[in-house]
Every structure is written in C-alpha cells, then in structure tokens.
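Colleague: Structure: entry.tsv, TSV, N, CA and C atoms.
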chain	number	residue	atom	x	y	z
A	1	MET	N	93.58	191.01	138.19
A	1	MET	CA	92.56	192.03	138.27
A	1	MET	C	92.29	192.62	136.89
A	2	GLU	N	93.37	192.84	136.16
A	2	GLU	CA	93.25	193.42	134.82
A	2	GLU	C	92.45	192.51	133.91
A	3	ARG	N	92.67	191.22	134.05
A	3	ARG	CA	91.98	190.26	133.19
A	3	ARG	C	90.48	190.30	133.42
A	4	ALA	N	90.04	190.39	134.64
A	4	ALA	CA	88.61	190.42	134.93
A	4	ALA	C	87.96	191.64	134.30
A	5	GLY	N	88.66	192.75	134.27
A	5	GLY	CA	88.11	193.97	133.66
A	5	GLY	C	87.90	193.80	132.16
A	6	LYS	N	88.87	193.18	131.49
A	6	LYS	CA	88.74	192.96	130.04
A	6	LYS	C	87.60	192.01	129.74
A	7	GLY	N	87.45	190.99	130.57
A	7	GLY	CA	86.37	190.02	130.36
A	7	GLY	C	85.00	190.67	130.51
A	8	ARG	N	84.89	191.58	131.47
A	8	ARG	CA	83.61	192.28	131.65
A	8	ARG	C	83.30	193.18	130.47
A	9	ARG	N	84.35	193.85	129.95
A	9	ARG	CA	84.14	194.73	128.80
A	9	ARG	C	83.68	193.92	127.59
A	10	ARG	N	84.30	192.76	127.40
A	10	ARG	CA	83.89	191.90	126.29
A	10	ARG	C	82.45	191.45	126.46
A	11	GLY	N	82.08	191.15	127.68
A	11	GLY	CA	80.71	190.73	127.97
A	11	GLY	C	79.71	191.83	127.63
A	12	TRP	N	80.02	193.04	128.05
A	12	TRP	CA	79.14	194.16	127.75
A	12	TRP	C	79.07	194.42	126.25
A	13	ARG	N	80.22	194.33	125.61
A	13	ARG	CA	80.27	194.55	124.16
A	13	ARG	C	79.39	193.53	123.43
A	14	ALA	N	79.48	192.27	123.86
A	14	ALA	CA	78.68	191.22	123.25
A	14	ALA	C	77.19	191.47	123.50
A	15	LEU	N	76.86	191.90	124.72
A	15	LEU	CA	75.47	192.18	125.04
A	15	LEU	C	74.93	193.32	124.19
A	16	VAL	N	75.71	194.37	124.02
A	16	VAL	CA	75.28	195.50	123.19
A	16	VAL	C	75.09	195.04	121.75
A	17	GLN	N	75.98	194.20	121.25
A	17	GLN	CA	75.85	193.70	119.88
A	17	GLN	C	74.57	192.89	119.70
A	18	VAL	N	74.26	192.05	120.67
A	18	VAL	CA	73.04	191.25	120.60
A	18	VAL	C	71.81	192.14	120.62
A	19	VAL	N	71.81	193.14	121.50
A	19	VAL	CA	70.67	194.06	121.60
A	19	VAL	C	70.48	194.80	120.27
A	20	LEU	N	71.57	195.27	119.68
A	20	LEU	CA	71.47	195.98	118.40
A	20	LEU	C	70.99	195.05	117.29
A	21	LEU	N	71.43	193.81	117.30
A	21	LEU	CA	71.00	192.84	116.30
A	21	LEU	C	69.50	192.60	116.40
A	22	VAL	N	69.03	192.38	117.62
A	22	VAL	CA	67.60	192.14	117.82
A	22	VAL	C	66.78	193.36	117.40
A	23	ALA	N	67.25	194.54	117.76
A	23	ALA	CA	66.54	195.76	117.37
A	23	ALA	C	66.48	195.89	115.85
A	24	GLY	N	67.58	195.56	115.18
A	24	GLY	CA	67.61	195.62	113.72
A	24	GLY	C	66.63	194.64	113.10
A	25	LEU	N	66.55	193.44	113.65
A	25	LEU	CA	65.61	192.45	113.14
A	25	LEU	C	64.17	192.90	113.34
A	26	ILE	N	63.89	193.51	114.45
A	26	ILE	CA	62.53	194.00	114.71
A	26	ILE	C	62.17	195.09	113.71
A	27	VAL	N	63.07	196.03	113.50
A	27	VAL	CA	62.82	197.11	112.54
A	27	VAL	C	62.64	196.55	111.14
A	28	ALA	N	63.47	195.58	110.76
A	28	ALA	CA	63.36	194.98	109.42
A	28	ALA	C	62.02	194.27	109.26
A	29	GLY	N	61.57	193.59	110.31
A	29	GLY	CA	60.28	192.90	110.25
A	29	GLY	C	59.13	193.87	110.11
A	30	VAL	N	59.18	194.98	110.80
A	30	VAL	CA	58.13	195.99	110.70
A	30	VAL	C	58.14	196.61	109.30
A	31	ALA	N	59.31	196.87	108.77
A	31	ALA	CA	59.40	197.45	107.42
A	31	ALA	C	58.86	196.47	106.39
A	32	ALA	N	59.18	195.19	106.53
A	32	ALA	CA	58.71	194.19	105.57
A	32	ALA	C	57.19	194.07	105.65
A	33	ALA	N	56.64	194.12	106.85
A	33	ALA	CA	55.19	194.02	107.00
A	33	ALA	C	54.50	195.23	106.40
A	34	ALA	N	55.14	196.39	106.46
A	34	ALA	CA	54.54	197.61	105.94
A	34	ALA	C	54.54	197.63	104.41
A	35	GLU	N	55.34	196.77	103.79
A	35	GLU	CA	55.44	196.76	102.34
A	35	GLU	C	54.37	195.90	101.67
A	36	VAL	N	53.48	195.31	102.43
A	36	VAL	CA	52.43	194.46	101.88
A	36	VAL	C	51.08	195.08	102.20
A	37	LYS	N	50.26	195.25	101.16
A	37	LYS	CA	48.91	195.76	101.35
A	37	LYS	C	47.97	194.58	101.22
A	38	GLU	N	47.11	194.40	102.21
A	38	GLU	CA	46.15	193.31	102.17
A	38	GLU	C	44.79	193.86	101.75
A	39	VAL	N	44.17	193.20	100.78
A	39	VAL	CA	42.88	193.64	100.25
A	39	VAL	C	41.88	192.51	100.42
A	40	ILE	N	40.69	192.85	100.87
A	40	ILE	CA	39.61	191.86	101.01
A	40	ILE	C	38.76	191.94	99.75
A	41	VAL	N	38.58	190.79	99.11
A	41	VAL	CA	37.84	190.73	97.85
A	41	VAL	C	36.36	191.04	98.09
A	42	GLN	N	35.83	191.94	97.29
A	42	GLN	CA	34.41	192.31	97.33
A	42	GLN	C	33.70	191.73	96.10
A	43	LYS	N	32.39	191.74	96.12
A	43	LYS	CA	31.62	191.21	94.99
A	43	LYS	C	31.97	192.02	93.72
A	44	GLY	N	32.26	191.32	92.65
A	44	GLY	CA	32.59	191.96	91.38
A	44	GLY	C	34.08	192.23	91.18
A	45	ASP	N	34.88	192.02	92.22
A	45	ASP	CA	36.33	192.25	92.09
A	45	ASP	C	36.99	191.14	91.28
A	46	THR	N	38.00	191.53	90.56
A	46	THR	CA	38.89	190.58	89.89
A	46	THR	C	40.31	190.95	90.30
A	47	VAL	N	41.24	190.04	90.07
A	47	VAL	CA	42.63	190.34	90.40
A	47	VAL	C	43.09	191.53	89.57
A	48	ALA	N	42.68	191.58	88.31
A	48	ALA	CA	43.08	192.68	87.45
A	48	ALA	C	42.51	194.01	87.96
A	49	SER	N	41.24	194.02	88.36
A	49	SER	CA	40.64	195.28	88.84
A	49	SER	C	41.28	195.73	90.15
A	50	LEU	N	41.58	194.77	91.03
A	50	LEU	CA	42.25	195.13	92.28
A	50	LEU	C	43.66	195.63	92.02
A	51	SER	N	44.34	195.01	91.08
A	51	SER	CA	45.69	195.46	90.72
A	51	SER	C	45.66	196.88	90.17
A	52	LEU	N	44.65	197.18	89.38
A	52	LEU	CA	44.52	198.54	88.84
A	52	LEU	C	44.30	199.55	89.97
A	53	LYS	N	43.56	199.15	91.00
A	53	LYS	CA	43.34	200.04	92.14
A	53	LYS	C	44.63	200.25	92.95
A	54	VAL	N	45.37	199.16	93.17
A	54	VAL	CA	46.55	199.22	94.03
A	54	VAL	C	47.76	199.77	93.27
A	55	TYR	N	48.03	199.22	92.07
A	55	TYR	CA	49.25	199.56	91.33
A	55	TYR	C	49.02	200.52	90.16
A	56	LYS	N	47.77	200.73	89.81
A	56	LYS	CA	47.42	201.56	88.64
A	56	LYS	C	47.79	200.89	87.32
A	57	THR	N	48.09	199.59	87.36
A	57	THR	CA	48.41	198.82	86.15
A	57	THR	C	48.26	197.34	86.45
A	58	TYR	N	48.20	196.54	85.39
A	58	TYR	CA	48.17	195.09	85.53
A	58	TYR	C	48.83	194.48	84.31
A	59	ASN	N	49.78	193.58	84.55
A	59	ASN	CA	50.46	192.90	83.45
A	59	ASN	C	50.95	191.54	83.95
A	60	ALA	N	51.65	190.81	83.08
A	60	ALA	CA	52.11	189.47	83.43
A	60	ALA	C	53.09	189.50	84.61
A	61	GLU	N	53.91	190.54	84.70
A	61	GLU	CA	54.87	190.65	85.80
A	61	GLU	C	54.13	190.79	87.13
A	62	ILE	N	53.10	191.60	87.15
A	62	ILE	CA	52.32	191.78	88.38
A	62	ILE	C	51.58	190.49	88.72
A	63	ALA	N	51.06	189.81	87.71
A	63	ALA	CA	50.36	188.54	87.95
A	63	ALA	C	51.31	187.54	88.61
A	64	ALA	N	52.54	187.45	88.13
A	64	ALA	CA	53.52	186.53	88.72
A	64	ALA	C	53.85	186.95	90.15
A	65	MET	N	53.97	188.24	90.38
A	65	MET	CA	54.28	188.74	91.72
A	65	MET	C	53.14	188.42	92.69
A	66	LEU	N	51.89	188.58	92.24
A	66	LEU	CA	50.74	188.29	93.09
A	66	LEU	C	50.63	186.80	93.37
A	67	LYS	N	50.94	186.00	92.38
A	67	LYS	CA	50.92	184.54	92.56
A	67	LYS	C	51.94	184.13	93.61
A	68	ALA	N	53.12	184.75	93.58
A	68	ALA	CA	54.16	184.44	94.57
A	68	ALA	C	53.76	184.93	95.97
A	69	ALA	N	53.08	186.07	96.05
A	69	ALA	CA	52.69	186.63	97.35
A	69	ALA	C	51.49	185.92	97.94
A	70	ASN	N	50.73	185.21	97.10
A	70	ASN	CA	49.52	184.51	97.53
A	70	ASN	C	49.60	183.05	97.08
A	71	PRO	N	50.47	182.25	97.69
A	71	PRO	CA	50.67	180.88	97.20
A	71	PRO	C	49.43	180.00	97.32
A	72	GLU	N	48.47	180.40	98.14
A	72	GLU	CA	47.25	179.60	98.28
A	72	GLU	C	46.35	179.72	97.05
A	73	LEU	N	46.59	180.72	96.21
A	73	LEU	CA	45.80	180.90	94.99
A	73	LEU	C	46.26	179.91	93.94
A	74	MET	N	45.38	179.05	93.51
A	74	MET	CA	45.73	178.11	92.45
A	74	MET	C	45.51	178.77	91.08
A	75	ASP	N	44.51	179.66	91.02
A	75	ASP	CA	44.17	180.30	89.76
A	75	ASP	C	43.80	181.76	90.06
A	76	LEU	N	44.49	182.69	89.44
A	76	LEU	CA	44.21	184.11	89.68
A	76	LEU	C	42.82	184.52	89.21
A	77	ASN	N	42.22	183.72	88.35
A	77	ASN	CA	40.88	184.04	87.84
A	77	ASN	C	39.78	183.52	88.76
A	78	ARG	N	40.13	182.82	89.81
A	78	ARG	CA	39.13	182.26	90.73
A	78	ARG	C	39.39	182.77	92.14
A	79	ILE	N	38.83	183.91	92.45
A	79	ILE	CA	38.92	184.46	93.81
A	79	ILE	C	37.52	184.52	94.39
A	80	ARG	N	37.43	184.49	95.71
A	80	ARG	CA	36.13	184.47	96.38
A	80	ARG	C	35.90	185.75	97.17
A	81	VAL	N	34.66	186.13	97.31
A	81	VAL	CA	34.29	187.28	98.14
A	81	VAL	C	34.74	186.99	99.57
A	82	GLY	N	35.38	187.96	100.20
A	82	GLY	CA	35.86	187.82	101.57
A	82	GLY	C	37.30	187.30	101.65
A	83	GLN	N	37.83	186.82	100.53
A	83	GLN	CA	39.21	186.32	100.52
A	83	GLN	C	40.18	187.49	100.69
A	84	ARG	N	41.28	187.25	101.40
A	84	ARG	CA	42.29	188.28	101.60
A	84	ARG	C	43.43	188.04	100.62
A	85	LEU	N	43.76	189.06	99.85
A	85	LEU	CA	44.87	188.99	98.90
A	85	LEU	C	45.96	189.95	99.34
A	86	ARG	N	47.19	189.49	99.26
A	86	ARG	CA	48.34	190.32	99.61
A	86	ARG	C	48.93	190.94	98.35
A	87	PHE	N	49.10	192.25	98.38
A	87	PHE	CA	49.70	193.01	97.29
A	87	PHE	C	51.00	193.61	97.80
A	88	PRO	N	52.14	192.97	97.52
A	88	PRO	CA	53.42	193.53	97.99
A	88	PRO	C	53.75	194.82	97.26
A	89	SER	N	54.59	195.64	97.88
A	89	SER	CA	54.98	196.88	97.21
A	89	SER	C	55.73	196.51	95.95
A	90	MET	N	55.67	197.37	94.96
A	90	MET	CA	56.31	197.07	93.68
A	90	MET	C	57.81	196.87	93.86
A	91	ALA	N	58.46	197.64	94.71
A	91	ALA	CA	59.91	197.52	94.90
A	91	ALA	C	60.24	196.21	95.61
A	92	ALA	N	59.44	195.83	96.59
A	92	ALA	CA	59.74	194.63	97.36
A	92	ALA	C	59.37	193.36	96.62
A	93	GLY	N	58.30	193.42	95.83
A	93	GLY	CA	57.81	192.19	95.22
A	93	GLY	C	58.21	191.99	93.78
A	94	ARG	N	58.82	192.96	93.19
A	94	ARG	CA	59.15	192.83	91.77
A	94	ARG	C	60.15	191.70	91.56
A	95	PRO	N	59.78	190.73	90.73
A	95	PRO	CA	60.71	189.64	90.50
A	95	PRO	C	61.91	190.10	89.69
A	96	ALA	N	63.03	189.46	89.91
A	96	ALA	CA	64.23	189.82	89.17
A	96	ALA	C	64.05	189.38	87.72
A	97	PRO	N	64.48	190.21	86.79
A	97	PRO	CA	64.33	189.83	85.39
A	97	PRO	C	65.23	188.65	85.07
A	98	PRO	N	64.82	187.80	84.11
A	98	PRO	CA	65.69	186.69	83.72
A	98	PRO	C	67.02	187.23	83.23
A	99	ALA	N	68.06	186.43	83.33
A	99	ALA	CA	69.40	186.88	82.96
A	99	ALA	C	69.46	187.33	81.51
A	100	ALA	N	68.77	186.63	80.61
A	100	ALA	CA	68.81	187.01	79.20
A	100	ALA	C	68.13	188.36	78.98
A	101	ALA	N	67.04	188.60	79.69
A	101	ALA	CA	66.32	189.86	79.51
A	101	ALA	C	67.06	191.00	80.20
A	102	ALA	N	67.80	190.70	81.25
A	102	ALA	CA	68.50	191.74	81.99
A	102	ALA	C	69.69	192.28	81.20
A	103	ALA	N	70.28	191.43	80.38
A	103	ALA	CA	71.43	191.88	79.60
A	103	ALA	C	70.95	192.84	78.52
A	104	ALA	N	71.75	193.83	78.25
A	104	ALA	CA	71.38	194.79	77.22
A	104	ALA	C	71.35	194.08	75.87
A	105	PRO	N	70.37	194.41	75.03
A	105	PRO	CA	70.31	193.75	73.74
A	105	PRO	C	71.57	194.05	72.94
A	106	ALA	N	72.09	193.02	72.32
A	106	ALA	CA	73.31	193.20	71.54
A	106	ALA	C	72.99	193.95	70.27
A	107	ARG	N	73.77	194.95	69.98
A	107	ARG	CA	73.58	195.72	68.74
A	107	ARG	C	74.55	195.20	67.70
A	108	ALA	N	74.11	195.29	66.47
A	108	ALA	CA	75.01	194.89	65.38
A	108	ALA	C	76.18	195.85	65.36
A	109	ALA	N	77.34	195.31	65.09
A	109	ALA	CA	78.53	196.15	65.04
A	109	ALA	C	78.39	197.14	63.89
A	110	GLU	N	78.77	198.36	64.16
A	110	GLU	CA	78.69	199.37	63.11
A	110	GLU	C	79.80	199.11	62.11
A	111	PRO	N	79.51	199.36	60.81
A	111	PRO	CA	80.54	199.11	59.82
A	111	PRO	C	81.75	200.00	60.09
A	112	ALA	N	82.91	199.42	59.88
A	112	ALA	CA	84.15	200.16	60.11
A	112	ALA	C	84.28	201.25	59.07
A	113	ALA	N	84.88	202.34	59.47
A	113	ALA	CA	85.11	203.44	58.52
A	113	ALA	C	86.07	202.96	57.45
A	114	PRO	N	85.86	203.39	56.20
A	114	PRO	CA	86.76	202.93	55.15
A	114	PRO	C	88.20	203.34	55.47
A	115	ALA	N	89.11	202.43	55.19
A	115	ALA	CA	90.53	202.70	55.48
A	115	ALA	C	91.03	203.76	54.50
A	116	THR	N	91.86	204.64	55.01
A	116	THR	CA	92.43	205.66	54.12
A	116	THR	C	93.55	205.01	53.32
A	117	PRO	N	93.61	205.29	52.02
A	117	PRO	CA	94.65	204.66	51.20
A	117	PRO	C	96.03	205.11	51.66
A	118	ALA	N	96.96	204.19	51.60
A	118	ALA	CA	98.34	204.49	52.00
A	118	ALA	C	98.95	205.43	50.97
A	119	ALA	N	99.82	206.28	51.43
A	119	ALA	CA	100.49	207.22	50.51
A	119	ALA	C	101.42	206.42	49.60
A	120	PRO	N	101.52	206.82	48.34
A	120	PRO	CA	102.40	206.08	47.43
A	120	PRO	C	103.84	206.16	47.92
A	121	ALA	N	104.58	205.11	47.63
A	121	ALA	CA	105.99	205.05	48.07
A	121	ALA	C	106.78	206.09	47.32
A	122	LYS	N	107.65	206.79	48.05
A	122	LYS	CA	108.48	207.82	47.42
A	122	LYS	C	109.72	207.16	46.84
A	123	PRO	N	110.17	207.63	45.70
A	123	PRO	CA	111.41	207.09	45.15
A	123	PRO	C	112.57	207.42	46.06
A	124	ALA	N	113.57	206.59	46.06
A	124	ALA	CA	114.75	206.81	46.90
A	124	ALA	C	115.39	208.13	46.52
A	125	ALA	N	115.97	208.78	47.51
A	125	ALA	CA	116.62	210.06	47.25
A	125	ALA	C	117.84	209.83	46.37
A	126	PRO	N	118.14	210.79	45.43
A	126	PRO	CA	119.29	210.60	44.53
A	126	PRO	C	120.59	210.51	45.29
A	127	ALA	N	120.77	211.16	46.43
A	127	ALA	CA	122.05	211.12	47.14
A	127	ALA	C	122.27	209.72	47.69
A	128	ALA	N	121.23	209.10	48.19
A	128	ALA	CA	121.37	207.75	48.73
A	128	ALA	C	121.69	206.78	47.60
A	129	ALA	N	121.09	206.98	46.43
A	129	ALA	CA	121.35	206.10	45.30
A	129	ALA	C	122.79	206.23	44.82
A	130	ALA	N	123.33	207.47	44.80
A	130	ALA	CA	124.70	207.71	44.34
A	130	ALA	C	125.70	207.12	45.33
A	131	ALA	N	125.40	207.20	46.62
A	131	ALA	CA	126.31	206.68	47.63
A	131	ALA	C	126.37	205.16	47.54
A	132	ALA	N	125.28	204.55	47.16
A	132	ALA	CA	125.22	203.11	47.09
A	132	ALA	C	126.01	202.62	45.87
A	133	ALA	N	126.18	203.47	44.85
A	133	ALA	CA	126.85	203.04	43.62
A	133	ALA	C	128.31	203.08	43.70
Just give me the structure as structure tokens.
Modeller:
Amino acid sequence: MERAGKGRRRGWRALVQVVLLVAGLIVAGVAAAAEVKEVIVQKGDTVASLSLKVYKTYNAEIAAMLKAANPELMDLNRIRVGQRLRFPSMAAGRPAPPAAAAAAPARAAEPAAPATPAAPAKPAAPAAAAAAA
C-alpha cells in the first residue's frame, strides 16, 4: 500500500514539472516575440533611415544584426516597398564582440620605480674584531 502512494506522488510531481516546463517555454516564446519590431518598408525608406527611427542610430554592428535577423535580404541596400523587416531589440540582437575586441586593450607596462641604493656596508664592530684576534 505504501509503495502505491509513493508512486502516485512521483507521478504528480512529474506532471507538475512538465506543466511548469511548458508554461516556461510559452512565456519565453512570448518574450522573444516581443523583442522583435517588424517594420513595413514605405516609399523612400532605406535600412539606415529605418534604423535611425527604431534605434536612433545606424552603424556596422546594427547592419550585421539586421542582416542576421532578416536572412532573406541579400543586400541591405536593396529593399522593396511593402517588404517586412525585423528589427530585434538591441539587447536581444546585439552580436557578441569578437574575442580580441572583448579583451581589454593591453597597456604598456609602467616603468618600474628607480631602486633605492643599498646602504653602504658598515665596518665590523671593534669588539668583534678583537675577539677574533
């Protein structure tokens, strides 16, 4: 009888874990979808002008991020009216910096402070000299 009770508890525990996992995945999917802004290209728009509207800036890093978010774009300079472009949030879409750029720039070692001169050797004490003789 005791065994059946433990088995049921394990079953419920597993069911609760599955439900929580599914709920977490749903929440994560909604959050990920909320991090992308979709823009429909209008006449006269460029990727740079749209980037300025969405991010307030445009640079090579943003261009790379947009290229990754819109793999169907072969050339960022060739967009069509009515085309939908995805603009991921800066935090979600920012590419990781290359390892060399991420490391802090090495600074030249500062010159060592000049060494203080050693004190001149003191002559042996006269008592020690007399004892030795």
Colleague: How many Å separate atom C of Leu52 of chain A from atom N of Met74 of chain A?
Modeller: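 Taking atom C of Leu52 of chain A as the start and atom N of Met74 of chain A as the end point, the length is 20.8 Å.
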Colleague: What lies within 8 Å of segment 40-50 of chain A using all atoms listed in the file, ignoring chain neighbours under 5 positions off, as a PDB file with N, CA and C atoms, in the coordinates of the input?
Modeller:
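Full text of selection-v4.pdb as output:
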ATOM      1  N   TYR A  55      48.030 199.220  92.070  1.00  0.00           N
ATOM      2  CA  TYR A  55      49.250 199.560  91.330  1.00  0.00           C
ATOM      3  C   TYR A  55      49.020 200.520  90.160  1.00  0.00           C
ATOM      4  N   LYS A  56      47.770 200.730  89.810  1.00  0.00           N
ATOM      5  CA  LYS A  56      47.420 201.560  88.640  1.00  0.00           C
ATOM      6  C   LYS A  56      47.790 200.890  87.320  1.00  0.00           C
ATOM      7  N   THR A  57      48.090 199.590  87.360  1.00  0.00           N
ATOM      8  CA  THR A  57      48.410 198.820  86.150  1.00  0.00           C
ATOM      9  C   THR A  57      48.260 197.340  86.450  1.00  0.00           C
ATOM     10  N   TYR A  58      48.200 196.540  85.390  1.00  0.00           N
ATOM     11  CA  TYR A  58      48.170 195.090  85.530  1.00  0.00           C
ATOM     12  C   TYR A  58      48.830 194.480  84.310  1.00  0.00           C
ATOM     13  N   ASN A  59      49.780 193.580  84.550  1.00  0.00           N
ATOM     14  CA  ASN A  59      50.460 192.900  83.450  1.00  0.00           C
ATOM     15  C   ASN A  59      50.950 191.540  83.950  1.00  0.00           C
ATOM     16  N   LEU A  76      44.490 182.690  89.440  1.00  0.00           N
ATOM     17  CA  LEU A  76      44.210 184.110  89.680  1.00  0.00           C
ATOM     18  C   LEU A  76      42.820 184.520  89.210  1.00  0.00           C
ATOM     19  N   ASN A  77      42.220 183.720  88.350  1.00  0.00           N
ATOM     20  CA  ASN A  77      40.880 184.040  87.840  1.00  0.00           C
ATOM     21  C   ASN A  77      39.780 183.520  88.760  1.00  0.00           C
ATOM     22  N   ARG A  78      40.130 182.820  89.810  1.00  0.00           N
ATOM     23  CA  ARG A  78      39.130 182.260  90.730  1.00  0.00           C
ATOM     24  C   ARG A  78      39.390 182.770  92.140  1.00  0.00           C
ATOM     25  N   ILE A  79      38.830 183.910  92.450  1.00  0.00           N
ATOM     26  CA  ILE A  79      38.920 184.460  93.810  1.00  0.00           C
ATOM     27  C   ILE A  79      37.520 184.520  94.390  1.00  0.00           C
ATOM     28  N   ARG A  80      37.430 184.490  95.710  1.00  0.00           N
ATOM     29  CA  ARG A  80      36.130 184.470  96.380  1.00  0.00           C
ATOM     30  C   ARG A  80      35.900 185.750  97.170  1.00  0.00           C
ATOM     31  N   VAL A  81      34.660 186.130  97.310  1.00  0.00           N
ATOM     32  CA  VAL A  81      34.290 187.280  98.140  1.00  0.00           C
ATOM     33  C   VAL A  81      34.740 186.990  99.570  1.00  0.00           C
ATOM     34  N   GLY A  82      35.380 187.960 100.200  1.00  0.00           N
ATOM     35  CA  GLY A  82      35.860 187.820 101.570  1.00  0.00           C
ATOM     36  C   GLY A  82      37.300 187.300 101.650  1.00  0.00           C
ATOM     37  N   GLN A  83      37.830 186.820 100.530  1.00  0.00           N
ATOM     38  CA  GLN A  83      39.210 186.320 100.520  1.00  0.00           C
ATOM     39  C   GLN A  83      40.180 187.490 100.690  1.00  0.00           C
ATOM     40  N   ARG A  84      41.280 187.250 101.400  1.00  0.00           N
ATOM     41  CA  ARG A  84      42.290 188.280 101.600  1.00  0.00           C
ATOM     42  C   ARG A  84      43.430 188.040 100.620  1.00  0.00           C
ATOM     43  N   LEU A  85      43.760 189.060  99.850  1.00  0.00           N
ATOM     44  CA  LEU A  85      44.870 188.990  98.900  1.00  0.00           C
ATOM     45  C   LEU A  85      45.960 189.950  99.340  1.00  0.00           C
ATOM     46  N   ARG A  86      47.190 189.490  99.260  1.00  0.00           N
ATOM     47  CA  ARG A  86      48.340 190.320  99.610  1.00  0.00           C
ATOM     48  C   ARG A  86      48.930 190.940  98.350  1.00  0.00           C
TER      49      ARG A  86
END
Colleague: Interatomic distance between atom N of Glu38 of chain A and atom CA of Ser51 of chain A?
Modeller: 11.6 Å
Colleague: Would you work out the distance separating atom CA of Gln17 of chain A from atom C of Ala91 of chain A, expressed in Å to one decimal?
Modeller: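 About the pair atom CA of Gln17 of chain A and atom C of Ala91 of chain A: they are 29.0 Å apart.
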Colleague: Here is a test: counting only C-alpha atoms, which residue of A:Leu15, A:Ala64, A:Met90, A:Val54 is nearest to Val39 of chain A?
Modeller: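 Counting only C-alpha atoms, the residue closest to Val39 of chain A is A:Val54.
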Colleague: From the DSSP assignment of the backbone, select every residue of segment 55-97 of chain A that is helix (DSSP H, G or I), and format the answer as a list in words.
Modeller: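 Written out, the helix (DSSP H, G or I) residues of segment 55-97 of chain A are Tyr55, Ala60, Glu61, Ile62, Ala63, Ala64, Met65, Leu66, Lys67, Ala68, Ala69, Met90, Ala91, Ala92 and Gly93 of chain A.
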Colleague: My list of candidates is A:Ala60, A:Gly11, A:Met65, A:Val16. Which is closest to Phe87 of chain A when distances are computed with only C-alpha atoms?
Modeller: A:Met65
